[in-house]
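Next comes start-v6.cif, a file with mmCIF, C-alpha atoms.
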data_protein
#
loop_
_atom_site.label_atom_id
_atom_site.label_comp_id
_atom_site.auth_asym_id
_atom_site.auth_seq_id
_atom_site.Cartn_x
_atom_site.Cartn_y
_atom_site.Cartn_z
CA MET E 24 4.06 58.60 -128.48
CA ASP E 25 7.81 57.94 -128.68
CA THR E 26 9.30 57.22 -125.24
CA ASP E 27 12.68 58.43 -126.54
CA GLU E 28 11.16 61.90 -126.71
CA LEU E 29 9.83 61.92 -123.15
CA GLU E 30 11.24 64.56 -120.85
CA ILE E 31 11.79 63.58 -117.20
CA VAL E 32 11.02 66.46 -114.85
CA GLU E 33 11.91 66.32 -111.16
CA VAL E 34 9.53 68.03 -108.73
CA ALA E 35 10.69 68.63 -105.16
CA GLY E 36 8.80 70.11 -102.23
CA SER E 37 9.31 73.67 -103.41
CA GLY E 38 8.02 72.82 -106.89
CA ASP E 39 5.01 74.23 -108.71
CA HIS E 40 1.96 73.35 -106.58
CA GLY E 41 -0.41 73.58 -109.53
CA PHE E 42 1.73 71.29 -111.67
CA LEU E 43 1.98 68.80 -108.80
CA ARG E 44 -1.81 68.86 -108.47
CA ALA E 45 -2.18 68.12 -112.19
CA VAL E 46 0.18 65.12 -111.89
CA TYR E 47 -1.75 63.86 -108.88
CA ASP E 48 -5.15 64.23 -110.56
CA THR E 49 -4.27 62.82 -113.99
CA VAL E 50 -1.70 60.13 -113.17
CA LEU E 51 -1.77 59.05 -109.52
CA ARG E 52 -5.40 59.35 -108.47
CA PRO E 53 -6.77 57.23 -111.38
CA SER E 54 -4.13 54.56 -110.72
CA PHE E 55 -4.63 53.66 -107.06
CA PRO E 56 -7.55 52.86 -104.74
CA THR E 57 -8.28 55.71 -102.34
CA THR E 58 -7.04 53.64 -99.37
CA GLU E 59 -3.59 53.32 -100.98
CA LEU E 60 -3.09 56.97 -101.95
CA ASP E 61 -2.54 59.91 -99.63
CA MET E 62 -4.97 62.79 -99.96
CA PHE E 63 -3.41 65.51 -102.10
CA GLU E 64 -2.93 67.91 -99.19
CA ALA E 65 -1.00 65.29 -97.20
CA PHE E 66 0.89 64.22 -100.32
CA ALA E 67 2.05 67.78 -101.05
CA ARG E 68 2.82 68.52 -97.39
CA ASP E 69 4.95 65.40 -96.99
CA LEU E 70 6.87 66.26 -100.14
CA ALA E 71 7.50 69.80 -98.89
CA GLU E 72 8.66 68.58 -95.47
CA SER E 73 11.02 65.90 -96.82
CA PRO E 74 13.89 67.57 -98.70
CA ASP E 75 15.24 64.26 -100.03
CA ASP E 76 11.90 63.25 -101.57
CA ALA E 77 11.12 63.84 -105.22
CA VAL E 78 8.47 63.17 -107.83
CA LEU E 79 9.85 62.28 -111.27
CA VAL E 80 7.34 63.07 -113.98
CA ALA E 81 7.43 61.83 -117.58
CA MET E 82 6.27 64.63 -119.88
CA ASP E 83 4.99 64.16 -123.42
CA ALA E 84 5.21 67.74 -124.67
CA ASP E 85 3.24 69.66 -122.02
CA ARG E 86 1.27 66.64 -120.75
CA PRO E 87 2.27 64.55 -117.72
CA VAL E 88 1.98 60.88 -118.76
CA GLY E 89 3.66 59.07 -115.85
CA ALA E 90 5.08 59.65 -112.40
CA VAL E 91 7.11 57.97 -109.66
CA VAL E 92 7.53 59.13 -106.08
CA ASP E 93 10.89 58.49 -104.41
CA HIS E 94 11.09 58.59 -100.60
CA PRO E 95 14.65 57.88 -99.38
CA MET E 96 15.11 57.30 -95.64
CA PRO E 97 18.89 57.16 -95.05
CA HIS E 98 18.39 57.19 -91.26
CA LEU E 99 16.60 53.84 -91.65
CA GLY E 100 18.91 52.45 -94.33
CA LEU E 101 16.32 52.08 -97.09
CA GLY E 102 14.06 53.97 -99.41
CA LEU E 103 10.41 53.59 -100.42
CA LEU E 104 9.16 53.85 -103.98
CA SER E 105 5.87 55.29 -102.79
CA TYR E 106 4.06 55.35 -106.13
CA ALA E 107 4.74 54.46 -109.76
CA ALA E 108 2.06 54.92 -112.40
CA SER E 109 1.35 55.78 -116.01
CA ARG E 110 -1.64 57.76 -117.18
CA PRO E 111 -4.69 55.58 -117.91
CA GLY E 112 -4.86 54.69 -121.58
CA LEU E 113 -1.08 54.96 -121.98
CA ARG E 114 0.03 51.96 -119.95
CA GLY E 115 2.23 49.35 -121.57
CA ARG E 116 4.01 51.88 -123.79
CA GLY E 117 7.33 52.05 -121.96
CA ILE E 118 6.64 55.09 -119.80
CA GLY E 119 7.15 53.16 -116.56
CA ALA E 120 10.41 51.63 -117.80
CA THR E 121 11.71 55.10 -118.72
CA LEU E 122 10.90 56.41 -115.25
CA MET E 123 12.45 53.39 -113.54
CA ALA E 124 15.69 53.94 -115.48
CA ALA E 125 15.75 57.54 -114.21
CA LEU E 126 15.11 56.32 -110.68
CA ARG E 127 17.97 53.82 -110.80
CA THR E 128 20.35 56.65 -111.70
CA ARG E 129 19.02 58.65 -108.76
CA TRP E 130 19.36 55.68 -106.40
CA ARG E 131 22.93 54.88 -107.47
CA ASN E 132 23.86 58.45 -106.54
CA GLY E 133 21.76 58.46 -103.38
CA PRO E 134 22.23 57.54 -99.72
CA VAL E 135 20.25 54.28 -99.28
CA GLU E 136 21.28 50.65 -99.67
CA PHE E 137 18.02 49.32 -101.08
CA VAL E 138 14.53 50.46 -102.06
CA VAL E 139 11.20 48.75 -101.41
CA ALA E 140 7.74 49.11 -102.91
CA GLU E 141 4.30 48.05 -101.68
CA VAL E 142 2.06 46.23 -104.16
CA GLU E 143 -1.17 44.31 -103.89
CA ASP E 144 -0.93 40.53 -103.77
CA PRO E 145 -2.81 39.44 -106.92
CA ARG E 146 -3.91 36.29 -105.10
CA LEU E 147 -5.89 38.44 -102.66
CA HIS E 148 -6.91 41.51 -104.69
CA PRO E 149 -9.12 41.10 -107.77
CA GLU E 150 -8.28 42.55 -111.16
CA THR E 151 -10.55 45.43 -112.13
CA THR E 152 -10.65 47.91 -115.00
CA GLU E 153 -9.05 50.56 -112.81
CA ASN E 154 -6.70 48.36 -110.79
CA ALA E 155 -4.58 45.46 -112.09
CA PRO E 156 -2.39 43.93 -109.36
CA GLY E 157 -1.14 41.18 -111.66
CA ALA E 158 -0.05 43.61 -114.36
CA ARG E 159 1.72 45.80 -111.79
CA LEU E 160 3.60 42.81 -110.42
CA ARG E 161 4.63 41.72 -113.93
CA PHE E 162 5.91 45.23 -114.61
CA TYR E 163 8.17 45.12 -111.58
CA GLU E 164 9.32 41.65 -112.52
CA ARG E 165 10.41 42.95 -115.92
CA GLU E 166 12.25 45.75 -114.13
CA GLY E 167 14.29 43.25 -112.12
CA ALA E 168 12.54 43.57 -108.75
CA ASP E 169 12.72 40.83 -106.11
CA LEU E 170 9.93 39.60 -103.86
CA LEU E 171 10.63 39.90 -100.14
CA MET E 172 9.32 36.67 -98.65
CA VAL E 173 7.15 38.25 -95.96
CA PRO E 174 3.54 39.45 -96.07
CA TRP E 175 2.70 43.12 -95.67
CA VAL E 176 -0.17 45.30 -94.45
CA GLN E 177 -0.10 48.93 -95.52
CA PRO E 178 -0.82 51.25 -92.57
CA GLY E 179 -3.93 53.38 -92.59
CA LEU E 180 -2.88 56.43 -94.60
CA GLY E 181 -4.05 59.60 -92.94
CA GLY E 182 -6.19 57.68 -90.48
CA ARG E 183 -8.01 55.62 -93.10
CA GLU E 184 -8.32 51.84 -93.11
CA ARG E 185 -5.24 49.65 -93.45
CA VAL E 186 -4.77 47.68 -96.64
CA PRO E 187 -4.14 43.98 -95.96
CA GLY E 188 -2.97 41.43 -98.51
CA MET E 189 0.03 43.42 -99.70
CA LEU E 190 3.52 42.40 -100.82
CA LEU E 191 6.90 44.03 -100.37
CA LEU E 192 9.24 44.18 -103.34
CA ARG E 193 12.91 45.11 -103.35
CA VAL E 194 12.98 47.20 -106.50
CA TRP E 195 16.66 48.17 -106.28
CA SER E 196 19.69 47.22 -104.23
CA ARG E 197 23.21 48.60 -104.16
CA ALA E 198 24.58 45.12 -103.46
CA PRO E 199 23.48 41.82 -105.05
CA ALA E 200 22.60 40.19 -101.70
CA ARG E 201 19.76 37.65 -101.73
CA SER E 202 18.30 38.99 -98.48
CA VAL E 203 17.73 42.16 -96.48
CA PRO E 204 18.14 42.63 -92.72
CA SER E 205 14.89 42.00 -90.87
CA SER E 206 15.86 44.67 -88.32
CA THR E 207 15.89 47.30 -91.08
CA LEU E 208 12.39 46.31 -92.22
CA VAL E 209 11.04 46.33 -88.67
CA HIS E 210 12.45 49.79 -87.91
CA TRP E 211 10.94 51.06 -91.15
CA ALA E 212 7.56 49.40 -90.44
CA GLU E 213 7.37 50.92 -86.96
CA SER E 214 8.33 54.36 -88.25
CA TYR E 215 5.84 54.12 -91.13
CA TYR E 216 2.95 53.05 -88.91
CA GLU E 217 3.76 55.70 -86.33
CA SER E 218 3.84 58.46 -88.96
CA GLU E 219 0.49 57.41 -90.46
CA GLU E 220 -1.42 56.16 -87.41
CA GLY E 221 0.10 58.30 -84.68
CA THR E 222 1.67 55.48 -82.69
CA ILE E 223 3.49 52.18 -83.05
CA PRO E 224 0.54 49.76 -82.90
CA SER E 225 0.16 46.91 -80.44
CA ASP E 226 -2.93 45.29 -81.97
CA GLU E 227 -3.05 41.66 -83.04
CA THR E 228 -2.57 42.33 -86.76
CA PHE E 229 0.51 44.47 -86.32
CA LEU E 230 2.06 42.09 -83.81
CA ALA E 231 1.49 39.18 -86.21
CA LEU E 232 3.07 41.22 -89.02
CA ARG E 233 6.02 42.13 -86.83
CA ALA E 234 6.51 38.48 -85.88
CA ARG E 235 6.71 37.50 -89.54
CA LEU E 236 9.18 40.30 -90.26
CA THR E 237 11.44 39.14 -87.43
CA GLU E 238 11.04 35.39 -87.90
CA PHE E 239 14.61 35.21 -89.23
CA PRO E 240 17.56 37.64 -89.01
CA GLU E 241 17.41 38.11 -92.78
CA VAL E 242 14.39 38.31 -95.06
CA GLU E 243 14.87 36.39 -98.29
CA ALA E 244 14.69 38.30 -101.57
CA SER E 245 13.45 35.87 -104.22
CA PRO E 246 12.33 35.98 -107.85
CA ILE E 247 8.75 37.19 -108.14
CA ASP E 248 7.68 33.90 -109.71
CA ARG E 249 8.09 32.31 -106.26
CA LEU E 250 4.97 34.15 -105.03
CA SER E 251 3.10 30.87 -104.50
CA ALA E 252 5.62 29.96 -101.79
CA LEU E 253 4.84 33.09 -99.76
CA ARG E 254 2.34 32.42 -96.99
CA PRO E 255 -0.10 35.34 -96.50
CA LEU E 256 -0.60 36.84 -93.06
CA GLU E 257 -3.14 34.75 -91.15
#

This structure in structure tokens:
Amino acid sequence: MDTDELEIVEVAGSGDHGFLRAVYDTVLRPSFPTTELDMFEAFARDLAESPDDAVLVAMDADRPVGAVVDHPMPHLGLGLLSYAASRPGLRGRGIGATLMAALRTRWRNGPVEFVVAEVEDPRLHPETTENAPGARLRFYEREGADLLMVPWVQPGLGGRERVPGMLLLRVWSRAPARSVPSSTLVHWAESYYESEEGTIPSDETFLALRARLTEFPEVEASPIDRLSALRPLE
């Protein structure tokens, strides 16, 4: 497969439901644990209800071989790279880099100041055949992402269990600042938890997470190789 011959197709909420299902089943579902991936019905509904969202799909002839999900939130001042994955068996062939290049063009022309992504902390999540947190982190490092020096807990998607031991990456920024406003991250975290869990939580875990997010007015964005300096959530 020659990545120069890949076609990037953008799927919005009004896109082909059957095609979107095929992308979900062959690219996304094999790439993420069930706790980290929305059920297809919720995934498709959210895409349809968010006109700024898009799925970029890398096509090798008529076969989807990679996908990224872009979720800009201009009212919060940031965007979320919800998912980025290549089809199993085709990883490490440049598909992800091709999709990230397409995303950066979209972000430069978009409304947000920076974009974050959630990834598993390889210190806390084991490598398996299906899931490789270390490899995913190295991919983002090659793509120029920064590590935000705060721990993260993914909310319970669709009422499922939360995913602790996560990291936040800044995968793109309009400005070269070495930090992001903590207030922006907190507003996003509260909105994210409320949308997935029905309310802004007040439990011990969320309050501890919020305290770490607001410990300083700015959250440092550091090279990913400084991961050992990041203290996990206690």

- Neighbours of point (13.5, 61.1, -115.7) within 8 Å, using only C-alpha atoms, written as JSON, numbers by chain: {"E": [30, 31, 32, 33, 79, 80, 81, 121, 122, 124, 125, 126]}

Can I get the selected residues back with C-alpha atoms, as an mmCIF file, keeping the file's coordinate frame?
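The resulting again_15.cif:
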data_model
loop_
_atom_site.group_PDB
_atom_site.id
_atom_site.type_symbol
_atom_site.label_atom_id
_atom_site.label_comp_id
_atom_site.auth_asym_id
_atom_site.auth_seq_id
_atom_site.Cartn_x
_atom_site.Cartn_y
_atom_site.Cartn_z
ATOM 1 C CA GLU E 30 11.240 64.560 -120.850
ATOM 2 C CA ILE E 31 11.790 63.580 -117.200
ATOM 3 C CA VAL E 32 11.020 66.460 -114.850
ATOM 4 C CA GLU E 33 11.910 66.320 -111.160
ATOM 5 C CA LEU E 79 9.850 62.280 -111.270
ATOM 6 C CA VAL E 80 7.340 63.070 -113.980
ATOM 7 C CA ALA E 81 7.430 61.830 -117.580
ATOM 8 C CA THR E 121 11.710 55.100 -118.720
ATOM 9 C CA LEU E 122 10.900 56.410 -115.250
ATOM 10 C CA ALA E 124 15.690 53.940 -115.480
ATOM 11 C CA ALA E 125 15.750 57.540 -114.210
ATOM 12 C CA LEU E 126 15.110 56.320 -110.680
#

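Reported to one decimal place, the separation of CA of Ala77 in chain E from CA of Asp169 in chain E is 23.1 Å.
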
- Query: Quick one: which residues end up in the PyMOL selection byres ((chain E and resi 188) around 10) for this structure, as an MDAnalysis selection string?
  - Reply: chainID E and resid 142:148 174:177 185:187 189:190 255:257

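Using all atoms listed in the file, the smallest distance between any of E:Pro149, E:Gly117, E:Pro97, E:Gly133 and Glu28 in chain E comes from E:Gly117.
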
- Please provide the set of residues having any atom within 9 Å of range 195-212 of chain E, restricted to all atoms listed in the file, with same-chain residues fewer than 5 positions apart removed, written as a PyMOL selection string. chain E and resi 96+99-101+127+130-131+135-139+167-169+171+178+217+223+233+236-245

- Just give me the gap between CA of Arg235 in chain E and CA of Val173 in chain E in Å, one decimal is fine. 6.5 Å

- Task: Go through the shown structure with the PyMOL selection byres ((chain E and resi 104) around 6) and write out the matching residues as an MDAnalysis selection string.
- Result: chainID E and resid 92:93 103 105:106 140

- Quick one: residues within 10 Å of range 82-87 of chain E, only C-alpha atoms counted, chain neighbours fewer than 2 positions away excluded, as a list in words? Met24, Asp25, Thr26, Glu28, Leu29, Glu30, Ile31, Val32, Phe42, Leu43, Ala45, Val46, Tyr47, Thr49, Val50, Leu79, Val80, Gly89, Ala90, Ser109, Arg110 and Ile118 of chain E

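Each of E:Arg114, E:Val34, E:Asp61, E:Ala252 was compared to Arg183 in chain E using all atoms listed in the file, and E:Asp61 turns out to be the nearest.
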
- Task: Please indicate the distance in Å from CA of Met172 in chain E to CA of Leu253 in chain E, rounded to one decimal place.
- Result: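 CA of Leu253 in chain E lies 5.8 Å from CA of Met172 in chain E.
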
- Message: What would the selection look like, as an MDAnalysis selection string, if the PyMOL selection byres ((chain E and resi 54) around 7) were run on the coordinates I just shared?
- Response: chainID E and resid 50:53 55 108 153:154

- Message: Counting all atoms listed in the file, which residue out of E:Arg159, E:Arg129, E:Arg68, E:Arg193 sits closest to Ala107 in chain E?
- Response: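 The answer is E:Arg159, which sits nearest to Ala107 in chain E.
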
- Point out the residue among E:Asp39, E:Gly119, E:Ser214, E:Glu219 with the least atom-to-atom distance to Glu184 in chain E, counting all atoms listed in the file.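 Smallest separation from Glu184 in chain E among the options: E:Glu219.
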
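Shortest atom-to-atom contact with His98 in chain E among E:Pro56, E:Pro134, E:Gly181, E:Gly157: E:Pro134, counting all atoms listed in the file.
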
- Identify which of the residues E:Leu170, E:Met123, E:Leu113, E:Ala35 lies closest to Pro74 in chain E, counting all atoms listed in the file when measuring atom-to-atom distances.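 Checking each of E:Leu170, E:Met123, E:Leu113, E:Ala35 against Pro74 in chain E, counting all atoms listed in the file, the winner is E:Ala35.
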
Can you pull out the residues contacting range 161-165 of chain E? Cut-off 9 Å, using only C-alpha atoms, and skip same-chain residues under 6 positions away; I want them as a compact mmCIF listing (two decimals) with C-alpha atoms, keeping the file's coordinate frame.
# COMPACT_ATOMS: atom_id res chain seq x y z
CA GLY E 115 2.23 49.35 -121.57
CA GLY E 119 7.15 53.16 -116.56
CA ALA E 120 10.41 51.63 -117.80
CA LEU E 192 9.24 44.18 -103.34
CA VAL E 194 12.98 47.20 -106.50
CA PRO E 246 12.33 35.98 -107.85
CA ILE E 247 8.75 37.19 -108.14
CA ASP E 248 7.68 33.90 -109.71
